[in-house]
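One structure is given below, encoded as structure tokens.
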Amino acid sequence: MRETRQNARDRNPDPSPQPVRERKRPGTHTARDATQRDALASQAMSAAEPILKPDHGARRPHFIFTDEHERLRESIHAFVVKELAPHAEQWEEETFDDWVFPRMGELGFLGLSMPEAYGGQGGDYPCNLVLAEELVHARCGGLAMGLAVHTDMATPPILAFGTEEQKQAYLAPAIRGEKISCLGITEPDAGSDVAGIRTRATKDGDDFVINGSKTYITNGHRADFIVLVTKTDPDAGYDGFTLFLVDMDLPGVTREKRLEKLGMHASDTALLAFQDVRVPASAALGEVGRGFYHIMWELQGERLIGAAGCVAGAQRVFDQTLDYARERTAFGRPIGGFQVTRHKVAEMATKIEAARQMVYTTAWRFMGGEYPVREISMAKLYAARVAVEVADECIQIHGGAGYMREYGIERVWRDMRLNRIGAGTDEIMLEVIGRSYGL
């Protein structure tokens, strides 16, 4: 036995284990064969099929928009750029001209989603979104706001709650642009607290007599009529409010003061007084005592269209700033080539897209007959914040140029800042959202 082991050691002086060679039997394949085969197949596939690459420049409409909406978009855009944008600088100093209303009425843009029976186009809600989005290309925030008050704030309650006589007397001429409307909610001592409204409408025989005041009223100096929120029963709580359609040329209606603002200079903003203004009972819009609920319904459309305008405005100033970052050079290269600028751009683009999807999805639910108050509040809150943040960041990227009026960037910030206050402040939106969870 010892001799046998010694002889074995002599034949193999290295006692370490020897690697086992893979033996290939006929008809079998090794792992190496499989790897080579996959590589060859991949090469063949690459030669046969094009490589999938992202097309970042492609524009893909959201599913709520059809080809018809896109044709409408092209039509509105052409009108805005050709007939409105050239006046932006003048209107920033003097407010926009009244001829805009009849001209847009002639083109059918003031009643895109209104019934044809009253002169509207019979379209759906996304048509209103298209208008709000394209108006930003007028480069005139006050113009867009004044038109939105007319198309999406003051006239929808007339369609929803008005009598046939009221629709013919106010809605139809408003759609034609022959009458300009405004909405009267806010008072000197009642802003976010709508329940604190003090403007009274007292029954007197077959009439109502209105006394009170309203402030921060967009279109207040140019309007032919106002949808006025009043209190008809001060002891009935939320059941004590009533809306009235009031002609602005009635005795006792006073346009007291044209208010000066941080932004939205192209729109007129008024302080209004009502002293013993007598209106017939037929001037009540909707049921007496139901005005609070009517105006809460109106605010949802107002907030959603405002959110859409915020996203569109943020997108426009983003695009302008992106062009600037590609052209402006510092330290020997375009400032867009610096990581800090690329990251700013990435942050802004991500937030704009998130806000856009939130607005579109909520609009889809709204047009489907839902009443998504929580989601509308979220969309309004987030879109307004994003718009202001983007405008501020765009000023920063422009540097000193962004602070100059020449580039128009500072104007965007001034105009956008109102959206965190108007139609419900950020704080009110947060309260609505929080309470919707039962807190």
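By convention here, the chains of the structure tokens are called A, B, ... in the order presented, each chain's residues are numbered starting at 1, and ligands are numbered starting at 1 in the order presented.
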Query raised in the report: So which bits of segment 197-272 of chain A end up helix (DSSP H, G or I) when you DSSP the backbone, as a list in words?
Result: Gly237, Tyr238, Asp239 and Gly240 of chain A
With the cut-off set at 10 Å and counting only C-alpha atoms, tabulate each residue of segment 345-417 of chain A with an atom at most that distance from an atom of segment 262-279 of chain A, showing the nearest atom pair and its distance in Å to one decimal, ordered by chain and increasing number, as a tab-separated table.
```
residue	atom	partner	partner_atom	distance
A:Glu410	CA	A:Gly263	CA	9.7
A:Arg411	CA	A:Gly263	CA	7.0
A:Val412	CA	A:Gly263	CA	8.4
A:Trp413	CA	A:Gly263	CA	8.2
A:Arg414	CA	A:Gly263	CA	4.6
A:Asp415	CA	A:Gly263	CA	4.5
A:Met416	CA	A:Gly263	CA	7.9
A:Arg417	CA	A:Gly263	CA	7.8
```
Can you write out the residues you just picked, keeping N, CA and C atoms, as a compact mmCIF listing (two decimals), in the first residue's frame?
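After the write, result19.txt holds the following:
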```
# COMPACT_ATOMS: atom_id res chain seq x y z
N GLU A 410 -39.96 89.48 -15.65
CA GLU A 410 -40.44 90.01 -14.37
C GLU A 410 -41.95 90.23 -14.40
N ARG A 411 -42.50 90.56 -15.56
CA ARG A 411 -43.94 90.75 -15.68
C ARG A 411 -44.69 89.43 -15.45
N VAL A 412 -44.10 88.35 -15.95
CA VAL A 412 -44.73 87.04 -15.75
C VAL A 412 -44.82 86.73 -14.27
N TRP A 413 -43.75 87.01 -13.53
CA TRP A 413 -43.79 86.76 -12.09
C TRP A 413 -44.85 87.62 -11.42
N ARG A 414 -44.90 88.90 -11.78
CA ARG A 414 -45.88 89.80 -11.17
C ARG A 414 -47.31 89.35 -11.47
N ASP A 415 -47.54 88.92 -12.70
CA ASP A 415 -48.88 88.46 -13.07
C ASP A 415 -49.23 87.14 -12.39
N MET A 416 -48.28 86.22 -12.37
CA MET A 416 -48.53 84.89 -11.81
C MET A 416 -48.79 84.92 -10.31
N ARG A 417 -48.20 85.87 -9.64
CA ARG A 417 -48.29 85.89 -8.17
C ARG A 417 -49.73 85.98 -7.67
```
I'd like the neighbourhood of Asp426 of chain A as a PDB file with N, CA and C atoms, in the first residue's frame, where a residue qualifies if any of its atoms comes within 6 Å (using only C-alpha atoms), though same-chain residues fewer than 3 positions away should be ignored.
```pdb
ATOM      1  N   LEU A 381     -54.027  74.718  -6.227  1.00  0.00           N
ATOM      2  CA  LEU A 381     -52.946  74.979  -5.288  1.00  0.00           C
ATOM      3  C   LEU A 381     -51.589  74.693  -5.915  1.00  0.00           C
ATOM      4  N   ARG A 420     -51.938  82.683  -6.476  1.00  0.00           N
ATOM      5  CA  ARG A 420     -51.891  82.082  -5.149  1.00  0.00           C
ATOM      6  C   ARG A 420     -52.822  82.790  -4.169  1.00  0.00           C
ATOM      7  N   MET A 429     -57.256  76.696  -0.010  1.00  0.00           N
ATOM      8  CA  MET A 429     -57.182  75.429  -0.730  1.00  0.00           C
ATOM      9  C   MET A 429     -56.699  74.307   0.193  1.00  0.00           C
TER      10      MET A 429
END
```
Counting only C-alpha atoms, which residues of segment 213-262 of chain A fall within 8 Å of segment 159-180 of chain A, and what is the closest atom pair for each with its distance in Å at one decimal, ordered by chain and rising number, as a tab-separated table?
```
residue	atom	partner	partner_atom	distance
A:Asn219	CA	A:Ile180	CA	7.8
A:Arg222	CA	A:Ile180	CA	7.0
A:Ala223	CA	A:Ile180	CA	4.7
A:Asp224	CA	A:Ile180	CA	5.2
A:Phe225	CA	A:Ile180	CA	6.8
```
Residue selection dump (C-alpha atoms) as a PDB file, in the first residue's frame:
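As a result, again-v3.pdb now contains:
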```pdb
ATOM      1  CA  ASN A 219     -63.726  94.157 -15.424  1.00  0.00           C
ATOM      2  CA  ARG A 222     -65.836  98.221 -18.219  1.00  0.00           C
ATOM      3  CA  ALA A 223     -68.626  95.757 -17.336  1.00  0.00           C
ATOM      4  CA  ASP A 224     -72.232  96.180 -18.495  1.00  0.00           C
ATOM      5  CA  PHE A 225     -73.558  93.890 -15.757  1.00  0.00           C
TER       6      PHE A 225
END
```
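The space separating atom CA of Gly205 of chain A from atom CA of Arg290 of chain A comes to 20.5 Å.
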**Report entry** Surrounding residues of Thr95 of chain A excluding itself and chain neighbours under 2 positions, 12 Å, only C-alpha atoms, as a ChimeraX atom specification
**Finding:** /A:87-93,97-100,140-146,218-219,221-222,258-261,263-269
If you keep N, CA and C atoms, can you produce a file of those selected residues as a compact mmCIF listing (two decimals), in the first residue's frame?
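part.txt, freshly written:
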```txt
# COMPACT_ATOMS: atom_id res chain seq x y z
N HIS A 87 -50.34 94.31 -29.07
CA HIS A 87 -50.78 95.41 -28.20
C HIS A 87 -50.35 95.22 -26.75
N ALA A 88 -49.59 94.18 -26.47
CA ALA A 88 -49.29 93.82 -25.08
C ALA A 88 -48.64 94.97 -24.30
N GLU A 89 -47.67 95.63 -24.90
CA GLU A 89 -46.96 96.69 -24.18
C GLU A 89 -47.88 97.89 -23.91
N GLN A 90 -48.69 98.22 -24.89
CA GLN A 90 -49.63 99.34 -24.72
C GLN A 90 -50.65 99.02 -23.65
N TRP A 91 -51.19 97.81 -23.68
CA TRP A 91 -52.22 97.43 -22.71
C TRP A 91 -51.66 97.31 -21.30
N GLU A 92 -50.39 97.02 -21.20
CA GLU A 92 -49.76 96.96 -19.88
C GLU A 92 -49.81 98.33 -19.21
N GLU A 93 -49.82 99.37 -20.02
CA GLU A 93 -49.87 100.73 -19.48
C GLU A 93 -51.29 101.26 -19.35
N ASP A 97 -58.18 97.00 -24.60
CA ASP A 97 -59.31 97.70 -25.21
C ASP A 97 -60.57 96.84 -25.22
N ASP A 98 -61.71 97.50 -25.15
CA ASP A 98 -62.99 96.79 -25.14
C ASP A 98 -63.30 96.09 -26.46
N TRP A 99 -62.67 96.51 -27.57
CA TRP A 99 -62.97 95.89 -28.86
C TRP A 99 -62.63 94.40 -28.87
N VAL A 100 -61.81 93.96 -27.91
CA VAL A 100 -61.44 92.55 -27.85
C VAL A 100 -62.67 91.67 -27.69
N CYS A 140 -49.83 88.85 -22.02
CA CYS A 140 -50.59 89.89 -21.34
C CYS A 140 -51.52 89.23 -20.33
N GLY A 141 -51.01 89.02 -19.11
CA GLY A 141 -51.77 88.30 -18.10
C GLY A 141 -53.10 88.94 -17.76
N GLY A 142 -53.14 90.25 -17.72
CA GLY A 142 -54.38 90.94 -17.38
C GLY A 142 -55.46 90.72 -18.42
N LEU A 143 -55.07 90.61 -19.68
CA LEU A 143 -56.04 90.32 -20.74
C LEU A 143 -56.65 88.94 -20.53
N ALA A 144 -55.79 87.94 -20.30
CA ALA A 144 -56.28 86.58 -20.09
C ALA A 144 -57.22 86.51 -18.89
N MET A 145 -56.90 87.24 -17.84
CA MET A 145 -57.74 87.21 -16.65
C MET A 145 -59.09 87.87 -16.92
N GLY A 146 -59.08 89.02 -17.59
CA GLY A 146 -60.33 89.71 -17.89
C GLY A 146 -61.26 88.87 -18.74
N THR A 218 -62.50 92.41 -11.12
CA THR A 218 -61.95 92.43 -12.48
C THR A 218 -63.06 92.75 -13.48
N ASN A 219 -62.77 93.64 -14.43
CA ASN A 219 -63.73 94.16 -15.42
C ASN A 219 -64.72 95.13 -14.80
N HIS A 221 -64.73 98.24 -14.17
CA HIS A 221 -64.91 99.55 -14.78
C HIS A 221 -65.47 99.48 -16.19
N ARG A 222 -65.36 98.33 -16.84
CA ARG A 222 -65.84 98.22 -18.22
C ARG A 222 -67.13 97.42 -18.33
N ARG A 258 -60.36 102.97 -9.58
CA ARG A 258 -59.58 101.99 -10.35
C ARG A 258 -58.35 101.64 -9.50
N LEU A 259 -58.25 100.39 -9.09
CA LEU A 259 -57.22 99.98 -8.16
C LEU A 259 -55.90 99.69 -8.87
N GLU A 260 -54.80 100.07 -8.22
CA GLU A 260 -53.47 99.83 -8.76
C GLU A 260 -52.91 98.54 -8.14
N LYS A 261 -52.29 97.70 -9.00
CA LYS A 261 -51.91 96.37 -8.58
C LYS A 261 -50.43 96.10 -8.84
N GLY A 263 -49.35 93.31 -10.34
CA GLY A 263 -49.31 92.77 -11.69
C GLY A 263 -50.68 92.84 -12.34
N MET A 264 -50.85 92.08 -13.42
CA MET A 264 -52.11 92.08 -14.17
C MET A 264 -52.54 93.50 -14.53
N HIS A 265 -51.57 94.32 -14.95
CA HIS A 265 -51.86 95.72 -15.23
C HIS A 265 -52.82 95.93 -16.38
N ALA A 266 -52.91 94.97 -17.28
CA ALA A 266 -53.77 95.15 -18.45
C ALA A 266 -55.24 95.00 -18.13
N SER A 267 -55.57 94.49 -16.96
CA SER A 267 -56.98 94.36 -16.58
C SER A 267 -57.36 95.52 -15.66
N ASP A 268 -58.62 95.93 -15.75
CA ASP A 268 -59.09 96.97 -14.83
C ASP A 268 -59.68 96.28 -13.60
N THR A 269 -59.38 96.81 -12.44
CA THR A 269 -59.83 96.24 -11.17
C THR A 269 -60.49 97.35 -10.38
```
